[in-house]
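Shown below: model10.pdb, with PDB, C-alpha atoms and all ligand atoms.
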ATOM      1  CA  MET A 772      25.606   0.688   6.369
ATOM      2  CA  ASP A 773      25.826   4.424   5.667
ATOM      3  CA  LEU A 774      22.637   5.476   7.425
ATOM      4  CA  LYS A 775      22.746   9.100   6.477
ATOM      5  CA  THR A 776      22.467   8.348   2.789
ATOM      6  CA  SER A 777      20.502   5.070   2.740
ATOM      7  CA  LEU A 778      17.964   5.935   5.465
ATOM      8  CA  PRO A 779      17.572   9.719   5.343
ATOM      9  CA  LEU A 780      14.115   9.816   6.959
ATOM     10  CA  THR A 781      14.028   6.859   9.338
ATOM     11  CA  SER A 782      17.509   6.846  10.807
ATOM     12  CA  ARG A 783      18.467   8.479  14.055
ATOM     13  CA  THR A 784      20.942  10.593  12.170
ATOM     14  CA  ALA A 785      17.835  12.263  10.705
ATOM     15  CA  LYS A 786      16.260  12.756  14.163
ATOM     16  CA  LEU A 787      17.729  11.954  17.544
ATOM     17  CA  GLU A 788      14.554  12.198  19.637
ATOM     18  CA  ARG A 789      12.266   9.191  19.435
ATOM     19  CA  THR A 790       9.123   9.717  17.418
ATOM     20  CA  VAL A 791       5.762   9.352  19.126
ATOM     21  CA  ILE A 792       2.888   8.407  16.827
ATOM     22  CA  ASP A 793      -0.619   9.494  17.795
ATOM     23  CA  VAL A 794      -3.418   7.087  16.915
ATOM     24  CA  LYS A 795      -6.597   8.973  17.833
ATOM     25  CA  GLY A 796      -5.139  10.043  21.185
ATOM     26  CA  VAL A 797      -3.130   6.844  21.844
ATOM     27  CA  GLN A 798       0.592   7.619  21.884
ATOM     28  CA  ILE A 799       2.872   4.914  20.457
ATOM     29  CA  GLY A 800       6.531   5.425  21.374
ATOM     30  CA  GLY A 801       5.869   7.332  24.597
ATOM     31  CA  PRO A 802       6.685   6.289  28.158
ATOM     32  CA  GLU A 803       4.039   3.516  28.327
ATOM     33  CA  PRO A 804       3.799   0.508  26.003
ATOM     34  CA  VAL A 805       0.637   0.373  23.904
ATOM     35  CA  PHE A 806      -1.476  -2.782  23.770
ATOM     36  CA  MET A 807      -3.357  -3.746  20.599
ATOM     37  CA  ALA A 808      -5.671  -6.736  20.680
ATOM     38  CA  GLY A 809      -8.430  -8.421  18.747
ATOM     39  CA  PRO A 810      -9.138 -11.375  16.522
ATOM     40  CA  CYS A 811      -7.106 -12.304  13.478
ATOM     41  CA  SER A 812     -10.244 -11.979  11.326
ATOM     42  CA  ILE A 813     -13.419 -10.051  11.881
ATOM     43  CA  GLU A 814     -16.010 -12.846  11.680
ATOM     44  CA  SER A 815     -19.261 -11.300  12.899
ATOM     45  CA  LEU A 816     -20.567  -8.347  14.859
ATOM     46  CA  SER A 817     -21.198 -10.533  17.897
ATOM     47  CA  GLN A 818     -17.636 -11.949  17.818
ATOM     48  CA  MET A 819     -16.142  -8.447  17.620
ATOM     49  CA  ARG A 820     -18.391  -7.169  20.400
ATOM     50  CA  GLU A 821     -17.532 -10.114  22.651
ATOM     51  CA  VAL A 822     -13.761  -9.619  22.197
ATOM     52  CA  ALA A 823     -13.859  -5.834  22.423
ATOM     53  CA  HIS A 824     -15.879  -5.734  25.638
ATOM     54  CA  ALA A 825     -13.642  -8.376  27.214
ATOM     55  CA  VAL A 826     -10.353  -6.600  26.406
ATOM     56  CA  LYS A 827     -11.313  -2.921  26.498
ATOM     57  CA  GLY A 828      -9.772  -2.274  29.938
ATOM     58  CA  HIS A 829      -6.555  -3.979  28.816
ATOM     59  CA  ALA A 830      -6.158  -2.648  25.289
ATOM     60  CA  HIS A 831      -5.586   0.770  23.755
ATOM     61  CA  ILE A 832      -6.296  -0.217  20.142
ATOM     62  CA  LEU A 833      -8.716  -2.808  18.694
ATOM     63  CA  ARG A 834      -7.520  -4.961  15.819
ATOM     64  CA  GLY A 835      -9.354  -7.172  13.336
ATOM     65  CA  GLY A 836      -8.661  -8.240   9.771
ATOM     66  CA  ALA A 837     -11.190  -7.702   6.975
ATOM     67  CA  PHE A 838      -8.856  -8.242   4.006
ATOM     68  CA  LYS A 839      -6.918 -11.382   4.880
ATOM     69  CA  PRO A 840      -3.683 -12.458   3.185
ATOM     70  CA  ARG A 841      -4.187 -16.222   3.373
ATOM     71  CA  THR A 842      -1.602 -18.740   2.210
ATOM     72  CA  SER A 843      -4.339 -20.774   0.520
ATOM     73  CA  PRO A 844      -6.921 -19.181  -1.778
ATOM     74  CA  TYR A 845      -9.421 -21.695  -0.346
ATOM     75  CA  SER A 846      -9.107 -20.347   3.207
ATOM     76  CA  PHE A 847     -11.435 -17.678   4.621
ATOM     77  CA  GLN A 848     -10.501 -14.404   2.915
ATOM     78  CA  GLY A 849     -12.193 -11.942   5.273
ATOM     79  CA  LEU A 850     -15.454  -9.982   5.239
ATOM     80  CA  ALA A 851     -13.989  -6.975   3.364
ATOM     81  CA  GLU A 852     -16.052  -3.766   3.716
ATOM     82  CA  GLU A 853     -18.753  -5.475   5.771
ATOM     83  CA  GLY A 854     -16.070  -6.425   8.297
ATOM     84  CA  LEU A 855     -14.692  -2.901   8.394
ATOM     85  CA  GLU A 856     -18.173  -1.602   9.215
ATOM     86  CA  MET A 857     -18.313  -4.020  12.165
ATOM     87  CA  LEU A 858     -14.851  -3.018  13.400
ATOM     88  CA  GLN A 859     -15.679   0.669  13.202
ATOM     89  CA  ALA A 860     -19.023   0.232  14.982
ATOM     90  CA  VAL A 861     -17.506  -1.844  17.785
ATOM     91  CA  GLY A 862     -14.497   0.466  18.152
ATOM     92  CA  GLU A 863     -16.894   3.358  18.665
ATOM     93  CA  GLU A 864     -19.030   1.330  21.069
ATOM     94  CA  VAL A 865     -16.092   0.539  23.375
ATOM     95  CA  GLY A 866     -14.173   3.782  22.733
ATOM     96  CA  LEU A 867     -11.037   2.244  21.182
ATOM     97  CA  PRO A 868      -9.211   3.304  18.017
ATOM     98  CA  THR A 869      -8.913   0.579  15.375
ATOM     99  CA  VAL A 870      -6.312  -0.992  13.100
ATOM    100  CA  SER A 871      -6.859  -3.258  10.095
ATOM    101  CA  GLU A 872      -4.808  -4.550   7.197
ATOM    102  CA  VAL A 873      -4.934  -3.192   3.670
ATOM    103  CA  MET A 874      -3.558  -5.437   0.925
ATOM    104  CA  SER A 875      -3.737  -3.426  -2.270
ATOM    105  CA  PRO A 876      -3.345   0.201  -3.344
ATOM    106  CA  GLU A 877      -6.918   0.258  -4.712
ATOM    107  CA  ASP A 878      -8.338  -0.550  -1.269
ATOM    108  CA  VAL A 879      -6.369   2.056   0.698
ATOM    109  CA  ASP A 880      -8.981   4.841   0.530
ATOM    110  CA  LEU A 881     -11.756   2.417   1.476
ATOM    111  CA  VAL A 882      -9.932   0.956   4.487
ATOM    112  CA  ALA A 883      -8.755   4.420   5.580
ATOM    113  CA  ARG A 884     -12.385   5.586   5.779
ATOM    114  CA  TYR A 885     -13.125   2.994   8.451
ATOM    115  CA  VAL A 886      -9.998   2.613  10.606
ATOM    116  CA  ASP A 887      -7.615   4.794  12.608
ATOM    117  CA  MET A 888      -4.445   2.945  11.609
ATOM    118  CA  LEU A 889      -3.583   1.020   8.435
ATOM    119  CA  GLN A 890      -1.707  -2.256   8.767
ATOM    120  CA  ILE A 891       0.718  -3.350   6.056
ATOM    121  CA  GLY A 892       1.121  -7.096   6.503
ATOM    122  CA  ALA A 893       4.353  -9.064   6.391
ATOM    123  CA  ARG A 894       3.595 -10.366   2.892
ATOM    124  CA  ASN A 895       3.199  -6.838   1.573
ATOM    125  CA  MET A 896       6.182  -5.184   3.225
ATOM    126  CA  GLN A 897       7.791  -4.885  -0.194
ATOM    127  CA  ASN A 898       4.651  -4.034  -2.153
ATOM    128  CA  TYR A 899       6.062  -0.683  -3.187
ATOM    129  CA  ALA A 900       2.910   0.586  -4.906
ATOM    130  CA  LEU A 901       1.005  -0.059  -1.661
ATOM    131  CA  LEU A 902       3.691   1.606   0.466
ATOM    132  CA  ARG A 903       3.666   4.680  -1.776
ATOM    133  CA  LYS A 904      -0.115   4.870  -1.646
ATOM    134  CA  VAL A 905      -0.342   4.799   2.178
ATOM    135  CA  GLY A 906       2.481   7.342   2.114
ATOM    136  CA  THR A 907       0.184   9.866   0.446
ATOM    137  CA  LEU A 908      -2.128   9.864   3.497
ATOM    138  CA  ARG A 909      -1.430  11.128   7.030
ATOM    139  CA  LYS A 910      -3.086   8.140   8.681
ATOM    140  CA  PRO A 911      -0.715   6.135  10.952
ATOM    141  CA  VAL A 912       0.690   2.992   9.348
ATOM    142  CA  LEU A 913       1.660  -0.208  11.188
ATOM    143  CA  LEU A 914       4.410  -1.672   9.009
ATOM    144  CA  LYS A 915       5.035  -5.349   9.719
ATOM    145  CA  ARG A 916       8.390  -6.874   8.975
ATOM    146  CA  GLY A 917       8.449  -9.192   5.957
ATOM    147  CA  ILE A 918       8.820 -12.901   6.627
ATOM    148  CA  ALA A 919      12.349 -12.907   5.194
ATOM    149  CA  ALA A 920      13.234  -9.222   5.334
ATOM    150  CA  THR A 921      16.373  -7.815   6.881
ATOM    151  CA  ILE A 922      16.047  -4.912   9.288
ATOM    152  CA  GLU A 923      17.573  -2.628   6.670
ATOM    153  CA  GLU A 924      15.000  -3.706   4.053
ATOM    154  CA  TRP A 925      12.216  -3.114   6.599
ATOM    155  CA  LEU A 926      13.477   0.397   7.331
ATOM    156  CA  LEU A 927      13.758   1.054   3.592
ATOM    157  CA  SER A 928      10.075   0.123   3.294
ATOM    158  CA  ALA A 929       9.361   2.737   5.977
ATOM    159  CA  GLU A 930      11.358   5.177   3.831
ATOM    160  CA  TYR A 931       8.950   4.463   0.932
ATOM    161  CA  ILE A 932       6.017   5.561   3.104
ATOM    162  CA  MET A 933       7.734   8.551   4.665
ATOM    163  CA  SER A 934       9.235   9.830   1.415
ATOM    164  CA  GLU A 935       5.691  10.230   0.047
ATOM    165  CA  GLY A 936       4.927  12.566   2.959
ATOM    166  CA  ASN A 937       3.468  10.352   5.707
ATOM    167  CA  PRO A 938       5.709  10.492   8.801
ATOM    168  CA  ASN A 939       3.383   8.336  10.941
ATOM    169  CA  VAL A 940       5.007   4.918  10.745
ATOM    170  CA  VAL A 941       5.095   2.314  13.526
ATOM    171  CA  LEU A 942       7.241  -0.767  12.891
ATOM    172  CA  CYS A 943       6.045  -4.233  13.953
ATOM    173  CA  GLU A 944       8.322  -7.241  14.457
ATOM    174  CA  ARG A 945       6.247 -10.407  13.949
ATOM    175  CA  GLY A 946       8.852 -13.114  13.543
ATOM    176  CA  ILE A 947      10.936 -14.150  10.569
ATOM    177  CA  ARG A 948      11.243 -17.457   8.746
ATOM    178  CA  THR A 949      14.169 -19.582   9.881
ATOM    179  CA  PHE A 950      15.080 -23.284   9.787
ATOM    180  CA  GLU A 951      13.116 -23.897  13.016
ATOM    181  CA  PRO A 952       9.777 -25.611  12.301
ATOM    182  CA  LEU A 953       8.424 -25.900  15.846
ATOM    183  CA  THR A 954       7.447 -22.258  15.994
ATOM    184  CA  ARG A 955       5.503 -20.615  13.152
ATOM    185  CA  ASN A 956       8.248 -17.990  12.856
ATOM    186  CA  THR A 957      11.290 -17.054  14.928
ATOM    187  CA  LEU A 958      10.701 -13.894  16.949
ATOM    188  CA  ASP A 959      13.701 -11.675  16.355
ATOM    189  CA  ILE A 960      13.923  -9.992  19.744
ATOM    190  CA  SER A 961      17.149  -8.312  18.686
ATOM    191  CA  ALA A 962      15.138  -6.308  16.153
ATOM    192  CA  VAL A 963      13.690  -4.232  19.019
ATOM    193  CA  PRO A 964      16.945  -2.773  20.399
ATOM    194  CA  MET A 965      18.415  -2.717  16.878
ATOM    195  CA  VAL A 966      15.547  -0.593  15.532
ATOM    196  CA  HIS A 967      15.838   1.703  18.551
ATOM    197  CA  HIS A 968      19.562   1.977  17.864
ATOM    198  CA  LEU A 969      19.169   2.703  14.138
ATOM    199  CA  SER A 970      15.908   4.617  13.989
ATOM    200  CA  HIS A 971      13.742   7.148  15.811
ATOM    201  CA  LEU A 972      10.561   5.243  14.876
ATOM    202  CA  PRO A 973       8.605   3.226  17.460
ATOM    203  CA  VAL A 974       8.654  -0.566  17.221
ATOM    204  CA  VAL A 975       5.991  -2.923  18.566
ATOM    205  CA  VAL A 976       5.985  -6.718  18.664
ATOM    206  CA  ASP A 977       3.351  -9.212  17.504
ATOM    207  CA  PRO A 978       4.140 -12.396  19.452
ATOM    208  CA  SER A 979       1.096 -14.228  18.054
ATOM    209  CA  HIS A 980       2.311 -14.680  14.462
ATOM    210  CA  ALA A 981       5.819 -15.420  15.708
ATOM    211  CA  ALA A 982       4.623 -18.150  18.070
ATOM    212  CA  GLY A 983       1.864 -19.827  16.103
ATOM    213  CA  ALA A 984       0.754 -21.411  19.393
ATOM    214  CA  TRP A 985      -1.138 -19.664  22.172
ATOM    215  CA  ASN A 986       1.017 -21.076  24.995
ATOM    216  CA  LEU A 987       4.135 -19.341  23.634
ATOM    217  CA  VAL A 988       2.518 -15.941  23.290
ATOM    218  CA  GLU A 989       2.907 -14.678  26.858
ATOM    219  CA  PRO A 990       6.634 -15.489  27.267
ATOM    220  CA  LEU A 991       7.425 -13.901  23.889
ATOM    221  CA  ALA A 992       5.324 -10.859  24.747
ATOM    222  CA  LEU A 993       7.121 -10.367  28.060
ATOM    223  CA  ALA A 994      10.501 -10.788  26.365
ATOM    224  CA  ALA A 995       9.499  -8.078  23.897
ATOM    225  CA  ILE A 996       8.513  -5.696  26.691
ATOM    226  CA  ALA A 997      11.763  -6.437  28.529
ATOM    227  CA  ALA A 998      13.668  -5.623  25.317
ATOM    228  CA  GLY A 999      11.986  -2.215  25.191
ATOM    229  CA  ALA A1000       9.168  -2.743  22.680
ATOM    230  CA  ASP A1001       6.828   0.237  22.391
ATOM    231  CA  GLY A1002       3.822  -2.029  22.426
ATOM    232  CA  LEU A1003       2.302  -5.393  21.603
ATOM    233  CA  MET A1004      -0.205  -6.639  19.081
ATOM    234  CA  VAL A1005      -1.880  -9.840  20.263
ATOM    235  CA  GLU A1006      -4.553 -11.993  18.644
ATOM    236  CA  VAL A1007      -7.481 -12.665  20.969
ATOM    237  CA  HIS A1008     -10.561 -14.768  20.232
ATOM    238  CA  PRO A1009     -13.458 -15.714  22.532
ATOM    239  CA  HIS A1010     -13.650 -19.202  20.960
ATOM    240  CA  PRO A1011     -10.225 -20.006  19.447
ATOM    241  CA  GLU A1012     -11.275 -23.544  18.459
ATOM    242  CA  ALA A1013     -13.935 -22.065  16.168
ATOM    243  CA  ALA A1014     -11.835 -19.181  14.766
ATOM    244  CA  LEU A1015     -11.859 -18.792  10.973
ATOM    245  CA  SER A1016      -8.136 -17.945  11.024
ATOM    246  CA  ASP A1017      -5.211 -18.284  13.432
ATOM    247  CA  GLY A1018      -7.199 -19.996  16.206
ATOM    248  CA  PRO A1019      -4.218 -22.027  17.516
ATOM    249  CA  GLN A1020      -2.266 -18.852  18.340
ATOM    250  CA  SER A1021      -5.214 -16.865  19.684
ATOM    251  CA  LEU A1022      -5.514 -16.151  23.387
ATOM    252  CA  LEU A1023      -8.759 -16.302  25.299
ATOM    253  CA  PRO A1024      -9.663 -12.792  26.506
ATOM    254  CA  GLU A1025      -8.967 -13.665  30.192
ATOM    255  CA  ARG A1026      -5.475 -14.894  29.330
ATOM    256  CA  TYR A1027      -4.799 -11.789  27.287
ATOM    257  CA  CYS A1028      -5.831  -9.571  30.204
ATOM    258  CA  GLN A1029      -3.490 -11.519  32.516
ATOM    259  CA  LEU A1030      -0.672 -11.052  29.994
ATOM    260  CA  VAL A1031      -1.216  -7.280  30.024
ATOM    261  CA  GLU A1032      -1.198  -7.248  33.841
ATOM    262  CA  SER A1033       2.141  -9.099  33.784
ATOM    263  CA  ALA A1034       3.529  -6.760  31.125
ATOM    264  CA  ARG A1035       2.551  -3.721  33.198
ATOM    265  CA  GLU A1036       4.186  -5.239  36.285
ATOM    266  CA  LEU A1037       7.336  -5.912  34.259
ATOM    267  CA  CYS A1038       7.376  -2.287  33.118
ATOM    268  CA  THR A1039       7.679  -1.128  36.723
ATOM    269  CA  LEU A1040      10.981  -3.066  36.908
ATOM    270  CA  ILE A1041      12.613  -1.794  33.736
ATOM    271  CA  VAL A1042      13.719   1.636  32.637
ATOM    272  CA  ARG A1043      12.150   2.602  29.324
ATOM    273  CA  ARG A1044      14.570   4.993  27.670
ATOM    274  CA  GLN A1045      12.847   7.785  25.799
ATOM    275  CA  THR A1046      15.995   9.240  24.311
ATOM    276  CA  HIS A1047      18.708   7.305  22.576
ATOM    277  CA  ALA A1048      21.565   6.217  24.727
TER     278      ALA A1048
HETATM  279  C1  LIG B1101      -2.320 -10.568  10.834
HETATM  280  O1  LIG B1101      -2.022  -9.591  11.542
HETATM  281  O2  LIG B1101      -3.357 -11.240  10.980
HETATM  282  C2  LIG B1101      -1.356 -11.018   9.803
HETATM  283  C3  LIG B1101      -1.762 -11.639   8.695
HETATM  284  O3  LIG B1101      -0.078 -10.748  10.135
HETATM  285  P1  LIG B1101       1.287 -10.942   9.301
HETATM  286  O4  LIG B1101       1.165 -10.008   8.121
HETATM  287  O5  LIG B1101       2.338 -10.508  10.295
HETATM  288  O6  LIG B1101       1.389 -12.382   8.931
HETATM  289 MN    MN B1102      -3.478 -13.593  12.034
END
Can the structure from this file be put into structure tokens for me?
Ligand code: PEP
Ligand code: MN
Amino acid sequence: MDLKTSLPLTSRTAKLERTVIDVKGVQIGGPEPVFMAGPCSIESLSQMREVAHAVKGHAHILRGGAFKPRTSPYSFQGLAEEGLEMLQAVGEEVGLPTVSEVMSPEDVDLVARYVDMLQIGARNMQNYALLRKVGTLRKPVLLKRGIAATIEEWLLSAEYIMSEGNPNVVLCERGIRTFEPLTRNTLDISAVPMVHHLSHLPVVVDPSHAAGAWNLVEPLALAAIAAGADGLMVEVHPHPEAALSDGPQSLLPERYCQLVESARELCTLIVRRQTHA
């Protein structure tokens, strides 16, 4: 791969120092990993308040989906703008910045009015009209890896955003589809050091969508931190059995808080390199 020509904005040939992205005062890519937590879907104000109050001491950014990319059109599709209002209100109540997914170019301005970071989901990693549209803003973008995307394709999607003028891109590894059916996806841990080798952009890991099962989330999360991930995004629900989406992979708030304690302890044992070796 000739990085200089194919990845002019994202590669480390473009910039040797690692990029730190500021999400309303939270620094992603700095010395400390950043923890993002919340339910898969925003379901009600009371659900969001319950999660947010339970995780606020163990999270830097609150997540919740209002526009949901569901495999089946008959599954819960999200509360749309009503959900975004709830996320914004609860984020302000607990003092956490927010992140939520946007699925189409027409919704970008709407979602950007309510949240501090825009998530591009795995299914839309190659929706080039959407990438270009979020590239016209300055709002930080969390760009998830596509379910069958190579690392080069993922970085090229980041190029789409950055070449429109938005330099604030955080990459998110969330597992890729392989022949293994026992996990929902296969977490590609190697993507973390590989992205740090190829690019100056921060990379976080979502162990929840990789695992598909709550009991696998903590080990995958700790592996990600050990590999040098700049943060984690974890699905948390106060009543996973009643969740409208992704209940089986959602952690109870207490378990999530324990995971963060373990991750912080692990960080004291590893050297997080801020410049490229
Ligand atoms: C999500 O974050 O809820 C989600 C749908 O993630 P992904 O795009 O990684 O499947
Ligand atoms: Mn989900």
Determine the axis-aligned bounding box of all atoms of range 947-958 of chain A present in the file, pad each side by 8 Å, and express its centre and edge lengths in Å to one decimal place as AutoDock Vina command-line options.
--center_x 10.3 --center_y -19.9 --center_z 12.8 --size_x 25.6 --size_y 28.0 --size_z 24.2
Using only C-alpha atoms, list the residues that have an atom at most 9 Å from (3.6, -2.8, 30.6), coordinates as in the file, as a PDB file with C-alpha atoms, in the frame of the given file.
ATOM      1  CA  GLU A 803       4.039   3.516  28.327  1.00  0.00           C
ATOM      2  CA  PRO A 804       3.799   0.508  26.003  1.00  0.00           C
ATOM      3  CA  VAL A 805       0.637   0.373  23.904  1.00  0.00           C
ATOM      4  CA  PHE A 806      -1.476  -2.782  23.770  1.00  0.00           C
ATOM      5  CA  LEU A 993       7.121 -10.367  28.060  1.00  0.00           C
ATOM      6  CA  ILE A 996       8.513  -5.696  26.691  1.00  0.00           C
ATOM      7  CA  GLY A1002       3.822  -2.029  22.426  1.00  0.00           C
ATOM      8  CA  VAL A1031      -1.216  -7.280  30.024  1.00  0.00           C
ATOM      9  CA  GLU A1032      -1.198  -7.248  33.841  1.00  0.00           C
ATOM     10  CA  SER A1033       2.141  -9.099  33.784  1.00  0.00           C
ATOM     11  CA  ALA A1034       3.529  -6.760  31.125  1.00  0.00           C
ATOM     12  CA  ARG A1035       2.551  -3.721  33.198  1.00  0.00           C
ATOM     13  CA  GLU A1036       4.186  -5.239  36.285  1.00  0.00           C
ATOM     14  CA  LEU A1037       7.336  -5.912  34.259  1.00  0.00           C
ATOM     15  CA  CYS A1038       7.376  -2.287  33.118  1.00  0.00           C
ATOM     16  CA  THR A1039       7.679  -1.128  36.723  1.00  0.00           C
TER      17      THR A1039
END
To one decimal in Å, tell me the separation between CA of Leu953 in chain A and CA of Gly1018 in chain A.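 CA of Leu953 in chain A sits 16.7 Å away from CA of Gly1018 in chain A.
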Pick out the residues no farther than 6 Å from ligand LIG 1101 (chain B), counting only C-alpha atoms and all ligand atoms, and list them as a VMD selection string. chain A and resid 811 840 892 to 894 915 945 980
What do you get, as a ChimeraX atom specification, if you spell out every residue that the PyMOL selection byres (((not hetatm)) within 10 of (chain B and resi 1102)) selects here? /A:809-812,835-836,839-841,892,977,979-980,983,1005-1007,1015-1018,1020-1021
What is the distance, in Å and to one decimal place, between CA of Leu991 in chain A and CA of Ile932 in chain A?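 Taking CA of Leu991 in chain A and CA of Ile932 in chain A, their separation equals 28.5 Å.
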The residues within 10 Å of (12.3, 2.9, 3.7), using all atoms listed in the file and the coordinates of the file, should be reported as number ranges by chain; which are they? A: 777-782, 897, 899, 902, 923-934
Just how far from CA of Asp878 in chain A is CA of Leu901 in chain A, in Å to one decimal?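 According to the coordinates, CA of Leu901 in chain A and CA of Asp878 in chain A are separated by 9.4 Å.
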Test item: the PyMOL selection byres (((chain A and resi 861) around 8) and not hetatm) resolved as a list of chain:residue names: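 Listing what the PyMOL selection byres (((chain A and resi 861) around 8) and not hetatm) selects in the shown file: A:Leu816, A:Met819, A:Arg820, A:Ala823, A:Met857, A:Leu858, A:Gln859, A:Ala860, A:Gly862, A:Glu863, A:Glu864, A:Val865.
For the set A:Ile922, A:Leu908, A:Ala992, A:Met874, the residue with the smallest atom-to-atom gap to Ala962 in chain A is A:Ile922, counting only C-alpha atoms.
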Take the PyMOL selection byres (((chain A and resi 1026) around 12) and not hetatm), apply it to the structure above, and return the hits as a ChimeraX atom specification. /A:808,825-826,829,985-986,988-989,1005-1009,1021-1025,1027-1033
Store the residues picked out above, limited to C-alpha atoms, as a short mmCIF file (atom, residue, chain, number, x, y, z; two decimals), in the coordinates of the input.
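out_10.cif written:
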data_model
loop_
_atom_site.label_atom_id
_atom_site.label_comp_id
_atom_site.auth_asym_id
_atom_site.auth_seq_id
_atom_site.Cartn_x
_atom_site.Cartn_y
_atom_site.Cartn_z
CA ALA A 808 -5.67 -6.74 20.68
CA ALA A 825 -13.64 -8.38 27.21
CA VAL A 826 -10.35 -6.60 26.41
CA HIS A 829 -6.56 -3.98 28.82
CA TRP A 985 -1.14 -19.66 22.17
CA ASN A 986 1.02 -21.08 25.00
CA VAL A 988 2.52 -15.94 23.29
CA GLU A 989 2.91 -14.68 26.86
CA VAL A 1005 -1.88 -9.84 20.26
CA GLU A 1006 -4.55 -11.99 18.64
CA VAL A 1007 -7.48 -12.66 20.97
CA HIS A 1008 -10.56 -14.77 20.23
CA PRO A 1009 -13.46 -15.71 22.53
CA SER A 1021 -5.21 -16.86 19.68
CA LEU A 1022 -5.51 -16.15 23.39
CA LEU A 1023 -8.76 -16.30 25.30
CA PRO A 1024 -9.66 -12.79 26.51
CA GLU A 1025 -8.97 -13.66 30.19
CA TYR A 1027 -4.80 -11.79 27.29
CA CYS A 1028 -5.83 -9.57 30.20
CA GLN A 1029 -3.49 -11.52 32.52
CA LEU A 1030 -0.67 -11.05 29.99
CA VAL A 1031 -1.22 -7.28 30.02
CA GLU A 1032 -1.20 -7.25 33.84
CA SER A 1033 2.14 -9.10 33.78
#
Under the rule that all atoms listed in the file are counted, which of A:Val794, A:Ile799, A:Gly854, A:Pro978 is the nearest residue to Ser817 in chain A?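 Using all atoms listed in the file, Ser817 in chain A sits closest to A:Gly854.
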Minimum-distance residue to Val905 in chain A, chosen among A:Gln890, A:Ser815, A:Ser871, A:Thr784 (using only C-alpha atoms): A:Gln890
